[in-house]
Each structure stands twice: as C-alpha cells, then as structure tokens.
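First up is the structure itself, then whatever we jot down about it.
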Amino acid sequence: MDAESLYGDGKAAGGHASTTRLGSYESKAQGRRKGKGGRWFEGQQPGAWGQQRFYWIPDGAGRPYKPREKVDLQTADEREPITEVESDFWHSGWAVRRDRVIAAMRAGGASPAAAYRFEHCGSRAWVWQKKDGSDVRVHADFCRNRHCVRCSAAVGRRVRATIEETTKGEATRLLTLTVPHNKAEPLRPLVSRLLVGFQALRRTEQWKKAVTGGCYVLEVKWNEDGGGWHPHLHVLLQGDYIDHNGLKGHWQRLTGCTGVRIELVRSREGIARYVARYVTKQIDASVYRDQERLIEALQTLQGTRMMGTFGNWRGVELQGEAEAFDRADWKPLCRLDDLRDLAVEGEAVASAIWWGLFGKPEPGSDGG
C-alpha cells in the first residue's frame, strides 16, 4: 500500500464544505444571469463583517470565502470528533507530543477552530478499496497544521517532489543563516531579526548578481546547552558562484553575526531530501520537551511564513497539490471503526485488510 495514499482529500465519505453551495441562483436585484459566469454561496461575504447573506463568486475566482474562525466554530469547521481507533491509526507514534501541542494551543490563545481541527485531525476515516482489489486506502479529514507530524510528512513528500523537478540542470547551493542569540532573549525579536536580515541580504548587489532564485525554510531550535532560542534559515540557492567571505561580511553588517555556511550540492535527490527534512521539522524536538517554550513558539510563529520562494522561483508552489484521488476506480468499504469491529469478530476479509493497514492483527483476535 502506497504511504502517500494515506493522505487523501478528506472528503471521501461525503465531507462538508465551509459554506453551503446553492448552485445557480438568480437575482434580478444583483443583475446576475442564472448559471452564467459564477455561483451563489450562502455565508459571510468578504468585507461584510457580521452580516449573513448570499454572495456571488465568479468562475475562476478561487475557493469560496471561508468564515472567520473566531465567529462561529461550528461554521468554520464541521468535522466529526476523532475516535479512539482513528487516533491510534494516525497518531499513535507521536501521541505524547500531540497532547502537548493541544494543551499549548489552548493555553497560547490559538483560535478555537484551529485547535479543534488539530485535535480531530484524522477523523471521519473511511477505508476504500480499488475495484480490482489490488490496493486499499484510508481517507480522512486532516488539519494541515505545521505542528502535526502526519500532515507535515505529507507536505514534506510533496515539497521534495517539487524541488527535484525545479532544480533540474542548474547548480544548486545550500546556505544556512543564523543570528546572535543568548538564553535571556525571547524568540520573537530573534525571528524578526533573522527574516528582516535575509530580506536585506537579497537586496545586496552581490546577491542580485549571483543568485537567480531559490527557496527557504525557517527552523526553530532550543539550545539545550544554555544558549537559548536558536532560529535559523535553510536556504536553497540557484545561480552562479557566490563568494563566501563577501556573503559573510554582508550578513555581519546586517545582523551582527558571522553565522553563514554555504555548500555546493550536485545531487538533486540530496537537495530535495535536505529541504524536505526541514519542512517536516520546522520546530525542533527540543522545543516540544518544555511546555512554556512550546507555548512561546506557537504564539511567536502564528502567522509567520515558515517557508517561501524568491527570485525566479516566485510562483512555484512548494507544497504542490495533494495526489488526485479518482474515485471511479475505487469503492468505499466501511468506516475505519467498523473495520476494526469486523476484524475483532473474526471476519476474514476485514482481518486481512486490518493486518495490511496496521502490520499487526487486531488486539483480541486469534492472531494477537
């Protein structure tokens, strides 16, 4: 079974959207012709805070407006609570960290909808089987939160594929940038100094002449040896040779730090693995070990762009699109919870599928 298949579109079993699509809706007052050039939706119109009304989305204008999370949790997210079976299937390998993140989100003032999505990531899990019987997949609702190990792993795989495709045929370098830090300094000014310094570095003549484009990932660590917060940038560069000493001089002038490391990497696969690894660990394990540090990190990084592109990479969507799921070739079997119940009862097909998904028999069965 393909591991990537475990990250579906979350709508396999009749999921609900954030707003209710009404299809073609004619309104003479709005001067719209029925079914021509767009659709009517019911919900909150962008810019019309606090007003419930019908509004028009022209074709090609993107997704329907998503209601603001703090207005109504139920409107912002309608997913089901996660069950014990679903939680064990998706999150058993990192349950302790996950509980810490949930507690930190609640204590740190995260929006109710974001906390709810994170807590119930993996809910509404359905088992699908290919019609020829060759494969089985599980699709569910996912939070797509940067602190979720499962969702970050899926993003990391897509980032790796994008980078392998984008770096074809060009020399690529890996650059690491740090800023001075001490144990007493909070995380927020350090992250600000790092990102502002990187923006200024890209405006220098040396950078403009040598670098054609690339991408970056922000990683945050806690120095266990007493150094305090340690944010740094992992940057992938394409272009001509760039002088290390000159780059270090610019960085010292901008940030007061000589923490610059650069290396040439010839393997596209190696580059992609390097960047994808940091995409999946933007916050280091050292941060998750202390609840106060974790709360500070969540509050500081809320709304911060942790990875991005520059130069001729602008417009490249690093995360890519989730793998398309053609339901014409698949059939829904049952909920994941129902599969477990059938496996416990000894139903042969359910037991075989369960073994294939978990790599072990259901506890309480003859194989356990």
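By convention in this document, the chains of the structure tokens carry letters A, B, ... by their order, each chain's residues are numbered from 1, and ligands are numbered from 1 in the order they are shown.
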
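Excluding stretch 155-162 of chain A itself and any same-chain residue fewer than 6 positions from it, the protein and nucleic acid residues within 6 Å of it, counting only C-alpha atoms, are Ala272, Ala276, Val279, Thr280, Leu318, Gln319 and Gly320 of chain A.
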
Enumerate, in order of chain and increasing residue number, the residues of stretch 106-178 of chain A with an atom no farther than 12 Å from stretch 208-221 of chain A, each with its shortest atom pair and distance in Å to one decimal, counting only C-alpha atoms, as a tab-separated table.
```
residue	atom	partner	partner_atom	distance
A:Arg146	CA	A:Glu219	CA	11.7
A:Gly156	CA	A:Val217	CA	11.5
A:Val159	CA	A:Cys215	CA	10.8
A:Thr162	CA	A:Cys215	CA	11.3
A:Ile163	CA	A:Cys215	CA	9.2
A:Thr166	CA	A:Gly214	CA	9.4
A:Thr167	CA	A:Gly214	CA	9.0
A:Glu170	CA	A:Thr212	CA	10.3
A:Ala171	CA	A:Val211	CA	10.6
A:Thr172	CA	A:Gly214	CA	8.8
A:Arg173	CA	A:Gly214	CA	9.3
A:Leu174	CA	A:Tyr216	CA	9.6
A:Leu175	CA	A:Tyr216	CA	9.1
A:Thr176	CA	A:Tyr216	CA	9.5
A:Leu177	CA	A:Leu218	CA	9.8
A:Thr178	CA	A:Glu219	CA	10.2
```

Output file for the residues above (C-alpha atoms, as an mmCIF file, in the first residue's frame):
```
data_model
loop_
_atom_site.group_PDB
_atom_site.id
_atom_site.type_symbol
_atom_site.label_atom_id
_atom_site.label_comp_id
_atom_site.auth_asym_id
_atom_site.auth_seq_id
_atom_site.Cartn_x
_atom_site.Cartn_y
_atom_site.Cartn_z
ATOM 1 C CA ARG A 146 2.591 22.722 10.700
ATOM 2 C CA GLY A 156 7.400 17.143 3.010
ATOM 3 C CA VAL A 159 7.956 19.585 -1.366
ATOM 4 C CA THR A 162 8.630 19.881 -6.375
ATOM 5 C CA ILE A 163 12.280 20.622 -5.631
ATOM 6 C CA THR A 166 12.535 22.589 -10.213
ATOM 7 C CA THR A 167 16.294 22.093 -9.707
ATOM 8 C CA GLU A 170 21.270 24.073 -12.572
ATOM 9 C CA ALA A 171 23.997 24.373 -9.960
ATOM 10 C CA THR A 172 22.416 24.440 -6.520
ATOM 11 C CA ARG A 173 23.856 25.551 -3.197
ATOM 12 C CA LEU A 174 22.662 25.168 0.355
ATOM 13 C CA LEU A 175 23.020 28.188 2.625
ATOM 14 C CA THR A 176 22.465 28.284 6.396
ATOM 15 C CA LEU A 177 21.986 31.638 8.162
ATOM 16 C CA THR A 178 21.886 32.276 11.915
#
```

Would you please give, as a ChimeraX atom specification, all residues of stretch 76-214 of chain A that DSSP assigns to strand (DSSP E or B) based on the backbone? /A:123-130,136-141,172-178,211-214

Residues within 7 Å of A:Val191, please, as a ChimeraX atom specification. Count only C-alpha atoms; anything in the same chain fewer than 4 positions from it doesn't count. /A:187,195,231

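If you look at atom CA of A:Gln302 and atom CA of A:Ala110, they are 8.4 Å away from each other.
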
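Checking A:Ile82, A:Met306, A:Ala184, A:Cys334 one by one against A:His234, counting only C-alpha atoms, you find the shortest gap at A:Met306.
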
In stretch 232-310 of chain A, what's alpha helix (DSSP H) per DSSP? Answer as a VMD selection string? chain A and resid 244 to 255 268 to 279 285 to 288 291 to 301

Shell around stretch 240-255 of chain A at 6 Å using only C-alpha atoms, local window under 2 positions removed, as an MDAnalysis selection string: chainID A and resid 197 210 257:258 260

Would you export the selected residues with N, CA and C atoms as a JSON list (two decimals), in the first residue's frame, please?
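So result-v5.json came out as:
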```json
[["chain", "number", "residue", "atom", "x", "y", "z"],
["A", 197, "GLY", "N", 16.83, 40.46, 8.19],
["A", 197, "GLY", "CA", 18.19, 40.40, 7.67],
["A", 197, "GLY", "C", 18.27, 39.65, 6.36],
["A", 210, "ALA", "N", 24.62, 37.12, -8.34],
["A", 210, "ALA", "CA", 24.95, 35.70, -8.30],
["A", 210, "ALA", "C", 23.74, 34.77, -8.22],
["A", 257, "CYS", "N", 26.16, 39.01, 13.00],
["A", 257, "CYS", "CA", 26.52, 37.60, 13.16],
["A", 257, "CYS", "C", 27.28, 37.13, 11.92],
["A", 258, "THR", "N", 28.29, 36.27, 12.14],
["A", 258, "THR", "CA", 29.04, 35.68, 11.03],
["A", 258, "THR", "C", 28.59, 34.25, 10.76],
["A", 260, "VAL", "N", 27.34, 32.02, 8.78],
["A", 260, "VAL", "CA", 26.98, 31.77, 7.40],
["A", 260, "VAL", "C", 27.72, 30.51, 6.93]]
```

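Rounded to one decimal, atom CA of A:Gly259 and atom CA of A:Asn223 lie 15.4 Å from each other.
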
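The shortest atom-to-atom distance to A:Gly239, with only C-alpha atoms taken into account, belongs to A:Trp313 out of A:Ser87, A:Gly359, A:Trp313, A:Val287.
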
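Nearest-residue note for A:Ala95: choosing from A:Cys148, A:Leu336, A:Leu294, A:Ala107, the minimum distance belongs to A:Cys148, counting only C-alpha atoms.
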